[in-house]
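Chemist: Coordinates in my_file.cif, mmCIF, C-alpha atoms, are listed below.
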data_upload
#
loop_
_atom_site.group_PDB
_atom_site.id
_atom_site.type_symbol
_atom_site.label_atom_id
_atom_site.label_comp_id
_atom_site.auth_asym_id
_atom_site.auth_seq_id
_atom_site.Cartn_x
_atom_site.Cartn_y
_atom_site.Cartn_z
ATOM 1 C CA MET A 1 -22.746 -7.627 7.850
ATOM 2 C CA ASP A 2 -24.722 -6.132 4.998
ATOM 3 C CA ALA A 3 -23.447 -7.268 1.586
ATOM 4 C CA GLN A 4 -23.955 -3.837 0.026
ATOM 5 C CA LEU A 5 -21.987 -2.235 2.859
ATOM 6 C CA LEU A 6 -19.139 -4.681 2.327
ATOM 7 C CA LEU A 7 -19.144 -4.018 -1.419
ATOM 8 C CA ALA A 8 -19.103 -0.249 -0.906
ATOM 9 C CA CYS A 9 -16.252 -0.555 1.582
ATOM 10 C CA TRP A 10 -14.296 -2.820 -0.760
ATOM 11 C CA GLY A 11 -14.695 -0.335 -3.625
ATOM 12 C CA MET A 12 -13.533 2.580 -1.504
ATOM 13 C CA MET A 13 -10.544 0.733 -0.086
ATOM 14 C CA THR A 14 -9.504 -0.611 -3.499
ATOM 15 C CA PHE A 15 -9.569 2.945 -4.829
ATOM 16 C CA MET A 16 -7.296 4.018 -1.974
ATOM 17 C CA VAL A 17 -4.903 1.135 -2.685
ATOM 18 C CA LEU A 18 -4.763 2.137 -6.365
ATOM 19 C CA VAL A 19 -3.457 5.581 -5.407
ATOM 20 C CA PRO A 20 0.373 5.359 -5.705
ATOM 21 C CA GLY A 21 2.209 5.678 -2.440
ATOM 22 C CA PRO A 22 5.094 4.185 -0.421
ATOM 23 C CA ASP A 23 3.804 0.644 -0.973
ATOM 24 C CA TRP A 24 3.837 1.117 -4.742
ATOM 25 C CA ALA A 25 7.387 2.467 -4.685
ATOM 26 C CA TYR A 26 8.640 -0.375 -2.504
ATOM 27 C CA VAL A 27 6.972 -3.140 -4.547
ATOM 28 C CA ILE A 28 8.241 -1.642 -7.821
ATOM 29 C CA ALA A 29 11.743 -1.484 -6.358
ATOM 30 C CA ALA A 30 11.464 -5.133 -5.300
ATOM 31 C CA GLY A 31 10.239 -6.075 -8.757
ATOM 32 C CA THR A 32 13.255 -4.451 -10.376
ATOM 33 C CA ARG A 33 15.976 -5.816 -8.121
ATOM 34 C CA ASP A 34 14.845 -9.153 -6.647
ATOM 35 C CA ARG A 35 14.148 -12.509 -8.228
ATOM 36 C CA THR A 36 10.787 -12.633 -6.461
ATOM 37 C CA ILE A 37 8.539 -10.014 -4.885
ATOM 38 C CA VAL A 38 7.147 -12.493 -2.330
ATOM 39 C CA PRO A 39 9.263 -11.348 0.680
ATOM 40 C CA ALA A 40 8.611 -7.643 0.019
ATOM 41 C CA LEU A 41 4.905 -8.203 -0.653
ATOM 42 C CA GLY A 42 4.597 -10.502 2.360
ATOM 43 C CA GLY A 43 6.150 -7.847 4.585
ATOM 44 C CA ILE A 44 3.706 -5.209 3.382
ATOM 45 C CA LEU A 45 0.736 -7.506 4.010
ATOM 46 C CA ILE A 46 2.012 -8.498 7.469
ATOM 47 C CA GLY A 47 2.407 -4.822 8.355
ATOM 48 C CA TYR A 48 -1.202 -4.159 7.428
ATOM 49 C CA LEU A 49 -2.421 -7.284 9.235
ATOM 50 C CA LEU A 50 -0.747 -6.025 12.412
ATOM 51 C CA ALA A 51 -2.425 -2.645 11.892
ATOM 52 C CA VAL A 52 -5.807 -4.345 11.394
ATOM 53 C CA ILE A 53 -5.371 -6.260 14.658
ATOM 54 C CA ALA A 54 -4.435 -3.046 16.457
ATOM 55 C CA VAL A 55 -7.481 -1.226 15.096
ATOM 56 C CA ALA A 56 -9.796 -4.124 15.957
ATOM 57 C CA VAL A 57 -8.662 -4.155 19.594
ATOM 58 C CA GLY A 58 -9.133 -0.414 19.974
ATOM 59 C CA VAL A 59 -5.730 1.120 19.267
ATOM 60 C CA GLY A 60 -7.197 2.933 16.249
ATOM 61 C CA ALA A 61 -9.650 4.827 18.441
ATOM 62 C CA ALA A 62 -6.835 5.797 20.791
ATOM 63 C CA LEU A 63 -4.726 7.127 17.903
ATOM 64 C CA ALA A 64 -7.665 9.113 16.535
ATOM 65 C CA ALA A 65 -8.027 10.756 19.957
ATOM 66 C CA LEU A 66 -4.317 11.661 20.058
ATOM 67 C CA PRO A 67 -3.453 13.817 17.014
ATOM 68 C CA TRP A 68 0.194 14.054 18.086
ATOM 69 C CA ALA A 69 0.516 10.266 17.788
ATOM 70 C CA LEU A 70 -0.373 10.422 14.096
ATOM 71 C CA VAL A 71 2.169 13.235 13.685
ATOM 72 C CA VAL A 72 4.908 11.081 15.243
ATOM 73 C CA LEU A 73 3.981 8.097 13.060
ATOM 74 C CA THR A 74 3.956 10.278 9.953
ATOM 75 C CA LEU A 75 7.397 11.723 10.679
ATOM 76 C CA ALA A 76 8.735 8.239 11.420
ATOM 77 C CA ALA A 77 7.327 7.041 8.092
ATOM 78 C CA ALA A 78 8.954 9.968 6.294
ATOM 79 C CA GLY A 79 12.337 9.172 7.813
ATOM 80 C CA TYR A 80 12.086 5.493 6.938
ATOM 81 C CA LEU A 81 11.006 6.217 3.363
ATOM 82 C CA SER A 82 13.903 8.646 2.949
ATOM 83 C CA TYR A 83 16.323 5.974 4.125
ATOM 84 C CA LEU A 84 14.999 3.361 1.678
ATOM 85 C CA GLY A 85 14.777 5.825 -1.214
ATOM 86 C CA ILE A 86 18.292 7.170 -0.767
ATOM 87 C CA ARG A 87 19.687 3.622 -0.594
ATOM 88 C CA ILE A 88 18.057 2.810 -3.940
ATOM 89 C CA LEU A 89 19.290 6.058 -5.510
ATOM 90 C CA LEU A 90 22.850 5.516 -4.305
ATOM 91 C CA HIS A 91 22.976 1.801 -5.067
ATOM 92 C CA PRO A 92 20.626 1.004 -7.977
ATOM 93 C CA PRO A 93 20.836 -2.587 -9.270
ATOM 94 C CA ALA A 94 23.138 -3.068 -12.238
ATOM 95 C CA VAL A 95 21.556 -3.671 -15.619
ATOM 96 C CA ALA A 96 23.386 -6.959 -16.004
ATOM 97 C CA MET A 97 21.705 -8.262 -12.878
ATOM 98 C CA ALA A 98 18.168 -7.965 -14.202
ATOM 99 C CA GLY A 99 16.462 -11.273 -13.563
ATOM 100 C CA THR A 100 19.814 -12.934 -12.715
ATOM 101 C CA THR A 101 20.616 -11.670 -9.227
ATOM 102 C CA SER A 102 22.664 -14.276 -7.402
ATOM 103 C CA GLY A 103 21.768 -15.506 -3.947
ATOM 104 C CA ALA A 104 24.955 -13.911 -2.588
ATOM 105 C CA ASP A 105 24.118 -10.477 -4.012
ATOM 106 C CA GLU A 106 20.404 -10.443 -3.199
ATOM 107 C CA PRO A 107 19.506 -9.311 0.347
ATOM 108 C CA ALA A 108 18.090 -11.959 2.668
ATOM 109 C CA ALA A 109 14.375 -12.611 2.396
ATOM 110 C CA TRP A 110 13.883 -11.741 6.070
ATOM 111 C CA LEU A 111 15.351 -8.282 5.454
ATOM 112 C CA ARG A 112 12.971 -7.613 2.570
ATOM 113 C CA LEU A 113 10.143 -8.905 4.770
ATOM 114 C CA ALA A 114 11.111 -6.636 7.668
ATOM 115 C CA GLN A 115 11.449 -3.616 5.371
ATOM 116 C CA GLY A 116 8.002 -4.322 3.923
ATOM 117 C CA VAL A 117 6.507 -4.444 7.417
ATOM 118 C CA GLY A 118 8.082 -1.066 8.130
ATOM 119 C CA VAL A 119 6.826 0.484 4.893
ATOM 120 C CA SER A 120 3.196 -0.532 5.413
ATOM 121 C CA GLY A 121 3.213 -0.316 9.190
ATOM 122 C CA LEU A 122 4.344 3.314 9.004
ATOM 123 C CA ASN A 123 2.342 4.237 5.906
ATOM 124 C CA PRO A 124 0.089 7.182 6.898
ATOM 125 C CA LYS A 125 -2.320 6.411 4.046
ATOM 126 C CA GLY A 126 -2.852 2.902 5.347
ATOM 127 C CA LEU A 127 -3.233 4.127 8.920
ATOM 128 C CA LEU A 128 -5.808 6.696 7.866
ATOM 129 C CA VAL A 129 -7.764 4.064 5.929
ATOM 130 C CA LEU A 130 -7.827 1.717 8.908
ATOM 131 C CA VAL A 131 -8.351 4.347 11.611
ATOM 132 C CA VAL A 132 -10.676 6.800 9.840
ATOM 133 C CA LEU A 133 -12.351 5.011 6.936
ATOM 134 C CA LEU A 134 -13.196 1.566 8.327
ATOM 135 C CA PRO A 135 -15.240 2.741 11.347
ATOM 136 C CA GLN A 136 -17.570 4.572 8.938
ATOM 137 C CA PHE A 137 -18.641 1.225 7.463
ATOM 138 C CA THR A 138 -19.438 -0.481 10.758
ATOM 139 C CA ASP A 139 -22.988 -0.959 12.041
ATOM 140 C CA ALA A 140 -23.497 -0.616 15.788
ATOM 141 C CA ALA A 141 -26.874 -2.340 15.438
ATOM 142 C CA GLY A 142 -25.452 -5.236 13.437
ATOM 143 C CA ASP A 143 -25.267 -8.857 14.549
ATOM 144 C CA TRP A 144 -21.466 -8.802 14.706
ATOM 145 C CA PRO A 145 -19.539 -6.924 17.421
ATOM 146 C CA ILE A 146 -17.728 -3.812 16.222
ATOM 147 C CA PRO A 147 -14.237 -5.353 16.662
ATOM 148 C CA VAL A 148 -15.243 -8.300 14.478
ATOM 149 C CA GLN A 149 -16.649 -5.946 11.829
ATOM 150 C CA LEU A 150 -13.422 -3.922 11.850
ATOM 151 C CA ALA A 151 -11.382 -7.117 11.532
ATOM 152 C CA VAL A 152 -13.429 -8.305 8.525
ATOM 153 C CA LEU A 153 -13.220 -4.925 6.806
ATOM 154 C CA GLY A 154 -9.492 -4.796 7.527
ATOM 155 C CA LEU A 155 -8.975 -8.211 5.951
ATOM 156 C CA ILE A 156 -10.789 -6.970 2.848
ATOM 157 C CA PHE A 157 -8.339 -4.075 2.716
ATOM 158 C CA VAL A 158 -5.370 -6.444 3.056
ATOM 159 C CA GLY A 159 -6.830 -8.618 0.282
ATOM 160 C CA SER A 160 -7.097 -5.599 -2.004
ATOM 161 C CA CYS A 161 -3.473 -4.731 -1.232
ATOM 162 C CA ALA A 162 -2.378 -8.277 -2.074
ATOM 163 C CA LEU A 163 -4.147 -8.171 -5.447
ATOM 164 C CA VAL A 164 -3.046 -4.691 -6.533
ATOM 165 C CA TYR A 165 0.556 -4.935 -5.357
ATOM 166 C CA SER A 166 1.011 -8.375 -6.912
ATOM 167 C CA VAL A 167 0.024 -6.914 -10.269
ATOM 168 C CA VAL A 168 2.303 -3.892 -9.724
ATOM 169 C CA GLY A 169 5.319 -5.988 -8.716
ATOM 170 C CA VAL A 170 4.927 -8.616 -11.432
ATOM 171 C CA GLY A 171 4.253 -5.873 -13.991
ATOM 172 C CA ALA A 172 7.474 -4.089 -13.028
ATOM 173 C CA LYS A 173 9.406 -7.343 -13.377
ATOM 174 C CA ALA A 174 7.831 -8.013 -16.788
ATOM 175 C CA VAL A 175 8.879 -4.556 -18.009
ATOM 176 C CA ILE A 176 12.447 -5.199 -16.897
ATOM 177 C CA ARG A 177 12.563 -8.574 -18.654
ATOM 178 C CA ALA A 178 11.310 -6.998 -21.871
ATOM 179 C CA ARG A 179 13.658 -4.006 -21.621
ATOM 180 C CA PRO A 180 16.590 -4.669 -19.235
ATOM 181 C CA SER A 181 17.938 -1.157 -19.846
ATOM 182 C CA ALA A 182 14.839 0.225 -18.127
ATOM 183 C CA MET A 183 15.816 -1.287 -14.781
ATOM 184 C CA ARG A 184 18.005 1.589 -13.623
ATOM 185 C CA ILE A 185 15.396 4.125 -14.705
ATOM 186 C CA VAL A 186 12.551 2.373 -12.886
ATOM 187 C CA SER A 187 14.728 1.826 -9.808
ATOM 188 C CA ARG A 188 15.762 5.476 -9.661
ATOM 189 C CA VAL A 189 12.181 6.622 -10.215
ATOM 190 C CA SER A 190 10.934 4.396 -7.385
ATOM 191 C CA GLY A 191 13.730 5.599 -5.106
ATOM 192 C CA ALA A 192 13.026 9.237 -5.959
ATOM 193 C CA ALA A 193 9.311 8.606 -5.366
ATOM 194 C CA MET A 194 10.053 7.390 -1.843
ATOM 195 C CA VAL A 195 12.117 10.491 -1.067
ATOM 196 C CA LEU A 196 9.505 12.792 -2.620
ATOM 197 C CA LEU A 197 6.715 11.145 -0.622
ATOM 198 C CA ALA A 198 8.776 11.624 2.534
ATOM 199 C CA ILE A 199 9.204 15.339 1.755
ATOM 200 C CA VAL A 200 5.470 15.702 1.093
ATOM 201 C CA LEU A 201 4.610 13.989 4.373
ATOM 202 C CA VAL A 202 6.912 16.286 6.344
ATOM 203 C CA ALA A 203 5.622 19.388 4.507
ATOM 204 C CA GLU A 204 2.023 18.431 5.263
ATOM 205 C CA GLN A 205 2.781 17.946 8.949
ATOM 206 C CA LEU A 206 4.663 21.277 9.163
ATOM 207 C CA ALA A 207 1.770 23.038 7.477
ATOM 208 C CA HIS A 208 -0.651 21.375 9.893
ATOM 209 C CA LEU A 209 1.407 22.287 12.965
ATOM 210 C CA SER A 210 1.750 25.919 11.837
ATOM 211 C CA ARG A 211 -2.017 26.464 11.787
#
What's the structure tokens form of this structure?
Modeler:
Amino acid sequence: MDAQLLLACWGMMTFMVLVPGPDWAYVIAAGTRDRTIVPALGGILIGYLLAVIAVAVGVGAALAALPWALVVLTLAAAGYLSYLGIRILLHPPAVAMAGTTSGADEPAAWLRLAQGVGVSGLNPKGLLVLVVLLPQFTDAAGDWPIPVQLAVLGLIFVGSCALVYSVVGVGAKAVIRARPSAMRIVSRVSGAAMVLLAIVLVAEQLAHLSR
């Protein structure tokens, strides 16, 4: 693939990752309540890897041809985000637990991993990037088959997610260590952000369906 094309695609996808969304809210929440963000971050990356594989084998083209499928995925994402956000709002981590959560109190790593897969796997922004944006950077006349090009571009997107969300999660944890009293505030903000994003997603779909 052309190096300039790869660089342009990387820049565009990194910009999309930098736009706050469900992934940001989930990673920040993990940074405020868990001893490590690895399970939550790993789940998000696995969710996107699964989406990349699906796009590479042609599922992305099928979704693009079925607008109702994107509507269903968006509504499912909104419901899942509402569930996670409300849980955080109703049960924010206690200030005394900042950085000292015991193994008995902290949810199992597999649960954080599974939740992360759900957040990214149902994230409409990620789906739009993989389904709509990536094909624009492929070259039908290139040496590599289109599925291989999509897979490479998708891995670049996943790499950008890993870099940005690592900084976000570790940064949130650093803020909490410096100011433990900020943990409840950050947790509630991240929970409210999830619920707000869910409302926005539903509103956008209702507006689209009413046209």
Chemist: Within 12 Å of A:Arg87, counting only C-alpha atoms, which residues show up once you throw out same-chain ones fewer than 2 positions away? Write them as a PyMOL selection string, please.
Modeler: chain A and resi 26+29+80-85+89-93+187-188+190-192+194-195
Chemist: In Å to one decimal, how far is atom CA of A:Phe157 from atom CA of A:Gly11?
Modeler: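 Between atom CA of A:Gly11 and atom CA of A:Phe157 the gap is 9.7 Å.
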Chemist: Apply the PyMOL selection byres ((chain A and resi 31) around 9) to the file shown and report the selected residues as a PyMOL selection string.
Modeler: chain A and resi 26-30+32-37+168-174+176
Chemist: Taking the file above as input, evaluate the PyMOL selection byres ((chain A and resi 47) around 6) and report the hits as a list of chain:residue names.
Modeler: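 Going through the file, the PyMOL selection byres ((chain A and resi 47) around 6) ends up selecting A:Ile44, A:Leu45, A:Ile46, A:Tyr48, A:Leu49, A:Leu50, A:Val117, A:Ser120, A:Gly121.
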Chemist: List the residues matched by the PyMOL selection byres ((chain A and resi 138-153) around 8) in the displayed structure as an mmCIF file with C-alpha atoms, in the frame of the given file, ordered by chain and then by residue number.
Modeler:
data_model
loop_
_atom_site.group_PDB
_atom_site.id
_atom_site.type_symbol
_atom_site.label_atom_id
_atom_site.label_comp_id
_atom_site.auth_asym_id
_atom_site.auth_seq_id
_atom_site.Cartn_x
_atom_site.Cartn_y
_atom_site.Cartn_z
ATOM 1 C CA MET A 1 -22.746 -7.627 7.850
ATOM 2 C CA LEU A 6 -19.139 -4.681 2.327
ATOM 3 C CA CYS A 9 -16.252 -0.555 1.582
ATOM 4 C CA TRP A 10 -14.296 -2.820 -0.760
ATOM 5 C CA VAL A 52 -5.807 -4.345 11.394
ATOM 6 C CA ILE A 53 -5.371 -6.260 14.658
ATOM 7 C CA VAL A 55 -7.481 -1.226 15.096
ATOM 8 C CA ALA A 56 -9.796 -4.124 15.957
ATOM 9 C CA VAL A 57 -8.662 -4.155 19.594
ATOM 10 C CA GLY A 58 -9.133 -0.414 19.974
ATOM 11 C CA LEU A 134 -13.196 1.566 8.327
ATOM 12 C CA PRO A 135 -15.240 2.741 11.347
ATOM 13 C CA GLN A 136 -17.570 4.572 8.938
ATOM 14 C CA PHE A 137 -18.641 1.225 7.463
ATOM 15 C CA GLY A 154 -9.492 -4.796 7.527
ATOM 16 C CA LEU A 155 -8.975 -8.211 5.951
ATOM 17 C CA ILE A 156 -10.789 -6.970 2.848
ATOM 18 C CA PHE A 157 -8.339 -4.075 2.716
#
Chemist: Taking all atoms listed in the file into account, name the residue in A:Ile199, A:Ala207, A:Val72, A:Cys161 that is nearest to A:Met13.
Modeler: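 With all atoms listed in the file as the atom set, the closest residue is A:Cys161.
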